Amino acid sequence: MPQTLECTVSSVVFANERNGFTVVRVKSGKQTETAAGNFPAVHAGERVRLTGDWAEHPKFGKQFSVVSCEILEPKGESGLIAYLSSGLFTGVGEKTAEKLVGVFGETLPEILDKNPMQLKGSVRGLSGKRLEKFIDDWSMQQESRRTLLFLYKLGFTGAKSMHAWSMYKAETENIVSENPYLLCEEPFAYSFEIADNAAKELGFGESSNLRLRAAIIHVLREAKYDGSHSFMPTEHLLQNTLNFLKITPCYPDDDIFDDLHSALSGLEKNGKVFIQQIRVWLPELYDAERYIGFFVSRSLSEDSLEALHSDMEIDAAASSLEISYSEEQLKAIKDAVSNMFFVITGGPGTGKTTILKGILHILNLQKKKVMLAAPTGRAARRMAEVCHFKASTIHRLLEIDPISGVFFKNEINPLDANAVIIDESSMLDNELAAALMRALKHGTQLIFIGDADQLPSVGPGNVLREILSCPDVPNARLSKIYRQGEASDIAENAHSILAGKMPNLQSGSHFHYMPYNNSEEALSILTELSKKHEFQVLTPMHKGNLGTINLNAFLQKILNFNAYGFEYRNIRWQIGDPVMQLKNNYDKDIFNGDLGHITKVMPTAKKIEVDFDGRPVSIEGDEFEYLTLAYACTVHKSQGSEYKSVAVMLDYSHSIMLQRNLLYTAVTRAKENIWVLASPGSLENAVRNNKEKHRWTALREFITINN
């Protein structure tokens with residue numbers, strides 16, 4: 001049961017202004033203790049009421065783990081003197097504080113709040129601008145304290161509440177009281193549930209217009225981030241909103257339907273949604289798909305570029321690269337360098353990298369400035385390694401602003417390039433593809449390279465497939481396998497899977513099939529494999545015995561047993577653990593899917609340091625929400641990555657996710673070895689199931705309309 005500790009702050013050991021995590025020394029009676037947790041900024045001399053529990057820290061000993069903090073009025077004249085001389089108030093030291101308290105006693109706070117000019121002439125040296133500054137500082141401290149406590153009591157805690165105060169200042173309470181759902185929006189992005197609980201505290205009704213508006217936007221965002229949809233049909237959207245709010249209409253013409261349509265209409269008028277016929281879009285997704293359609297259509301309407309090099313010169317280029325091109329590959333190279341927009345797609349071993357080298361050689365002969373990029377850091381590094389050419393992530397190429405998330409490169413400030421080549425383009429979602437296209441000056445060639453048969457992007461839309469579904473888009477579809485060598489059976493089996501055929505489970509030298517009967521047996525197989533090999537575990541889902549959550553905890557105990565660390569947010573973080581970033585963090589220049597290793601852990605501060613490609617990055621507070629252990633990751637998160645060895649889990653409990661393109665994507669992540677661990681029938685089901693989860697997208701229509 002939580003305990004309450006009423007005490008005085010002796011000193012602030014550590015305070016993170018961004019997320020509110022604070023470590024303080026407090027005095028309760030004659031005892032001095034350590035307290036740590038997330039709470040509003042406090043200062044030496046202040047009285048606080050802390051709620052939480054005592055805990056024994058493995059390194060720093062006994063401390064009070066704070067759940068909530070209430071700041072109290074200074075107690076007694078000594079407490080008031082300590083507070084005034086804490087450094088919060090410019091120009092007020094201990095002597096001035098003693099004089100003020102000597103004159104006004106414990107009534108000083110009330111005087112400062114209600115009639116501060118009563119201080120004029122009361123203390124020598126505290127007059128004029130110095131007095132005005134003291135009164136302003138006091139007012140600001142009281143206002144911010146009162147506002148933050150108001151927000152904390154409503155459930156709006158952490159760095160986001162500080163941000164709300166910094167934006168709205170004295171108006172914060174009024175603004176939030178009028179519409180607590182405002183804090184669901186950027187830049188605060190509190191969850192709907194937190195805002196909804198606050199709204200209930202403030203007396204908002206179940207069907208209030210503001211609540212319905214916020215719920216509609218929440219459902220649209222869920223469709224964007226979880227379903228990867230570009231839009232939602234109106235009826236689906238409104239029904240999903242009712243389901244989300246757990247509102248059951250009493251009869252067919254229940255007022256709730258009128259309320260929902262009214263809320264949707266209000267959102268459209270305020271520019272929060274865009275409605276096209278029976279489709280409802282978030283504005284940024286409508287703008288993105290429309291721009292991609294415009295860009296592709298414009299590229300198709302332009303004349304092909306003049307071919308500047310003869311077949312003999314291309315052959316000479318092939319000779320210098322020590323590559324023997326087939327007719328299919330030669331045609332792909334010629335077409336790619338001759339079109340303003342071109343797409344190359346094919347599976348593993350079909351020669352995409354070989355063709356890329358030829359394209360780069362020709363563009364170099366044409367003295368064109370070329371830029372290479374990929375959606376993830378790992379894909380960009382691999383691109384640079386195989387081509388011996390600088391490559392970056394698309395985010396870095398477009399020079400993202402770490403604070404706002406806005407790209408510096410755009411229509412007004414385009415990239416200085418004659419040609420841009422994007423690898424792993426199946427991972428492009430609508431917004432990133434549109435941002436890239438906006439940043440290309442007119443006349444810049446754009447070449448997409450990717451495998452359209454892999455899983456589509458994690459983000460909204462289905463860019464590569466929608467573009468390839470338009471017959472007028474120039475492209476090269478590679479099908480012949482050129483890769484030779486020991487690991488070629490991985491490519492061969494991947495193509496068998498893609499064709500709906502069972503892979504060869506008997507004679508593979510690097511494709512290994514390992515059946516099991518239950519999850520305990522599967523974990524036993526993983527344990528034995530880990531004694532001989534290093535590998536990345538891929539699995540379709542997060543939950544369950546063979547989902548990422550359980551597998552990461554299990555593998556951590558096997559592969560990084562008893563390493564120094566601490567538990568935070570239901571995960572144990574240890575030195576040496578592999579971790580993955582789950583969301584773009586522009587401030588720290590780490591992006592969704594980036595992998596790193598923990599190099600330092602700081603248990604008291606609840607902070608770690610992660611090495612991302614040789615660059616140390618600190619993670620603390622709310623940032624842990626978007627980081628996870630990476631001994632095992634989902635197949636979706638593995639896109640754009642290539643691993644020396646992979647162990648993929650296929651289990652009957654994953655049946656809803658067992659699809660052909662998911663298995664194909666998993667198999668094609670392995671460079672040298674893959675172990676397919678499968679429960680009875682799960683591999684067969686995955687190969688057989690070619691039904692993909694539907695995504696609402698209109699990109700093909702936009703390309704057709706503009707063309």
# chains A, B, ... in the order shown; residues from 1 in each chain; ligands from 1
call {"tool": "residues_around", "arguments": {"residues": "Pro616 (chain A)", "least_positions_apart": "4", "cutoff": "12 Å", "atoms": "only C-alpha atoms", "output": "PyMOL selection string"}}
result
chain A and resi 588-590+596-600+608-612
call {"tool": "residues_around", "arguments": {"residues": "Arg49 (chain A)", "least_positions_apart": "6", "cutoff": "12 Å", "atoms": "only C-alpha atoms", "output": "PyMOL selection string"}}
result
chain A and resi 3-9+26-28+35+39+42+64+66-74
call {"tool": "residues_around", "arguments": {"residues": "Val370 (chain A)", "least_positions_apart": "3", "cutoff": "6 Å", "atoms": "only C-alpha atoms", "output": "JSON, numbers by chain"}}
result
{"A": [417, 419, 420]}
call {"tool": "write_last_selection", "arguments": {"atoms": "N, CA and C atoms", "output": "PDB file, in the first residue's frame"}}
result
ATOM      1  N   ALA A 417      20.985  17.461 -56.461  1.00  0.00           N
ATOM      2  CA  ALA A 417      21.294  16.165 -57.072  1.00  0.00           C
ATOM      3  C   ALA A 417      20.667  16.078 -58.455  1.00  0.00           C
ATOM      4  N   ALA A 419      20.398  12.862 -59.739  1.00  0.00           N
ATOM      5  CA  ALA A 419      19.733  11.560 -59.642  1.00  0.00           C
ATOM      6  C   ALA A 419      19.742  11.104 -58.189  1.00  0.00           C
ATOM      7  N   VAL A 420      18.627  10.543 -57.754  1.00  0.00           N
ATOM      8  CA  VAL A 420      18.511   9.997 -56.400  1.00  0.00           C
ATOM      9  C   VAL A 420      18.047   8.553 -56.512  1.00  0.00           C
TER      10      VAL A 420
END
call {"tool": "closest_atom_pairs", "arguments": {"of": "region 337-417 of chain A", "to": "region 476-482 of chain A", "cutoff": "12 Å", "atoms": "only C-alpha atoms", "output": "tab-separated table"}}
result
residue	atom	partner	partner_atom	distance
A:Asn339	CA	A:Ala476	CA	11.9
A:Phe341	CA	A:Ala476	CA	11.8
A:Phe342	CA	A:Ala476	CA	8.1
A:Val343	CA	A:Ala476	CA	6.4
A:Ile344	CA	A:Ala476	CA	4.8
A:Thr345	CA	A:Arg477	CA	5.1
A:Gly346	CA	A:Leu478	CA	4.6
A:Gly347	CA	A:Ser479	CA	7.1
A:Pro348	CA	A:Ile481	CA	7.6
A:Gly349	CA	A:Ile481	CA	5.1
A:Thr350	CA	A:Ile481	CA	4.5
A:Gly351	CA	A:Tyr482	CA	6.3
A:Lys352	CA	A:Leu478	CA	7.9
A:Thr353	CA	A:Tyr482	CA	11.1
A:Thr354	CA	A:Tyr482	CA	9.8
A:Ile355	CA	A:Leu478	CA	10.4
call {"tool": "write_last_selection", "arguments": {"atoms": "N, CA and C atoms", "output": "short mmCIF file (atom, residue, chain, number, x, y, z; two decimals), in the first residue's frame"}}
result
data_model
loop_
_atom_site.label_atom_id
_atom_site.label_comp_id
_atom_site.auth_asym_id
_atom_site.auth_seq_id
_atom_site.Cartn_x
_atom_site.Cartn_y
_atom_site.Cartn_z
N ASN A 339 15.09 7.08 -67.90
CA ASN A 339 13.77 7.56 -67.47
C ASN A 339 13.89 8.47 -66.26
N PHE A 341 11.71 8.60 -63.88
CA PHE A 341 11.29 7.80 -62.73
C PHE A 341 11.28 6.34 -63.15
N PHE A 342 11.94 5.49 -62.35
CA PHE A 342 12.06 4.09 -62.72
C PHE A 342 12.06 3.23 -61.45
N VAL A 343 11.46 2.03 -61.57
CA VAL A 343 11.38 1.12 -60.44
C VAL A 343 12.01 -0.22 -60.80
N ILE A 344 12.88 -0.70 -59.94
CA ILE A 344 13.49 -2.03 -60.10
C ILE A 344 13.03 -2.88 -58.94
N THR A 345 12.38 -4.01 -59.22
CA THR A 345 11.91 -4.88 -58.15
C THR A 345 12.29 -6.33 -58.44
N GLY A 346 12.61 -7.04 -57.38
CA GLY A 346 12.98 -8.45 -57.51
C GLY A 346 13.36 -9.02 -56.17
N GLY A 347 13.34 -10.33 -56.07
CA GLY A 347 13.65 -11.01 -54.83
C GLY A 347 15.14 -11.19 -54.61
N PRO A 348 15.51 -11.93 -53.58
CA PRO A 348 16.93 -12.15 -53.28
C PRO A 348 17.61 -12.93 -54.41
N GLY A 349 18.84 -12.50 -54.73
CA GLY A 349 19.61 -13.22 -55.73
C GLY A 349 19.28 -12.88 -57.16
N THR A 350 18.37 -11.90 -57.38
CA THR A 350 17.98 -11.58 -58.75
C THR A 350 18.83 -10.48 -59.38
N GLY A 351 19.82 -10.00 -58.66
CA GLY A 351 20.78 -9.08 -59.26
C GLY A 351 20.49 -7.60 -59.08
N LYS A 352 19.67 -7.24 -58.10
CA LYS A 352 19.37 -5.81 -57.90
C LYS A 352 20.64 -5.01 -57.59
N THR A 353 21.49 -5.56 -56.73
CA THR A 353 22.72 -4.85 -56.37
C THR A 353 23.66 -4.75 -57.56
N THR A 354 23.74 -5.80 -58.33
CA THR A 354 24.59 -5.80 -59.53
C THR A 354 24.13 -4.72 -60.51
N ILE A 355 22.83 -4.62 -60.68
CA ILE A 355 22.27 -3.59 -61.58
C ILE A 355 22.54 -2.20 -61.02
#
call {"tool": "atom_distance", "arguments": {"atom1": "CA of Asp287 (chain A)", "atom2": "CA of Gln445 (chain A)"}}
result
22.1 Å
call {"tool": "residues_around", "arguments": {"residues": "Ala435 (chain A)", "least_positions_apart": "3", "cutoff": "9 Å", "atoms": "only C-alpha atoms", "output": "MDAnalysis selection string"}}
result
chainID A and resid 288 398 407 409:410 430:432 438:439
call {"tool": "write_last_selection", "arguments": {"atoms": "C-alpha atoms", "output": "CSV table (one decimal), in the first residue's frame"}}
result
chain,number,residue,atom,x,y,z
A,288,ALA,CA,1.0,12.9,-49.2
A,398,LEU,CA,16.4,15.4,-46.2
A,407,PHE,CA,12.6,18.4,-43.3
A,409,LYS,CA,15.0,19.9,-47.8
A,410,ASN,CA,11.7,20.6,-49.6
A,430,ASN,CA,3.2,7.8,-48.0
A,431,GLU,CA,4.6,10.6,-45.9
A,432,LEU,CA,8.2,9.7,-46.3
A,438,ARG,CA,9.0,17.2,-52.8
A,439,ALA,CA,12.7,17.7,-52.1
call {"tool": "atom_distance", "arguments": {"atom1": "CA of Glu411 (chain A)", "atom2": "CA of Ser426 (chain A)"}}
result
23.8 Å
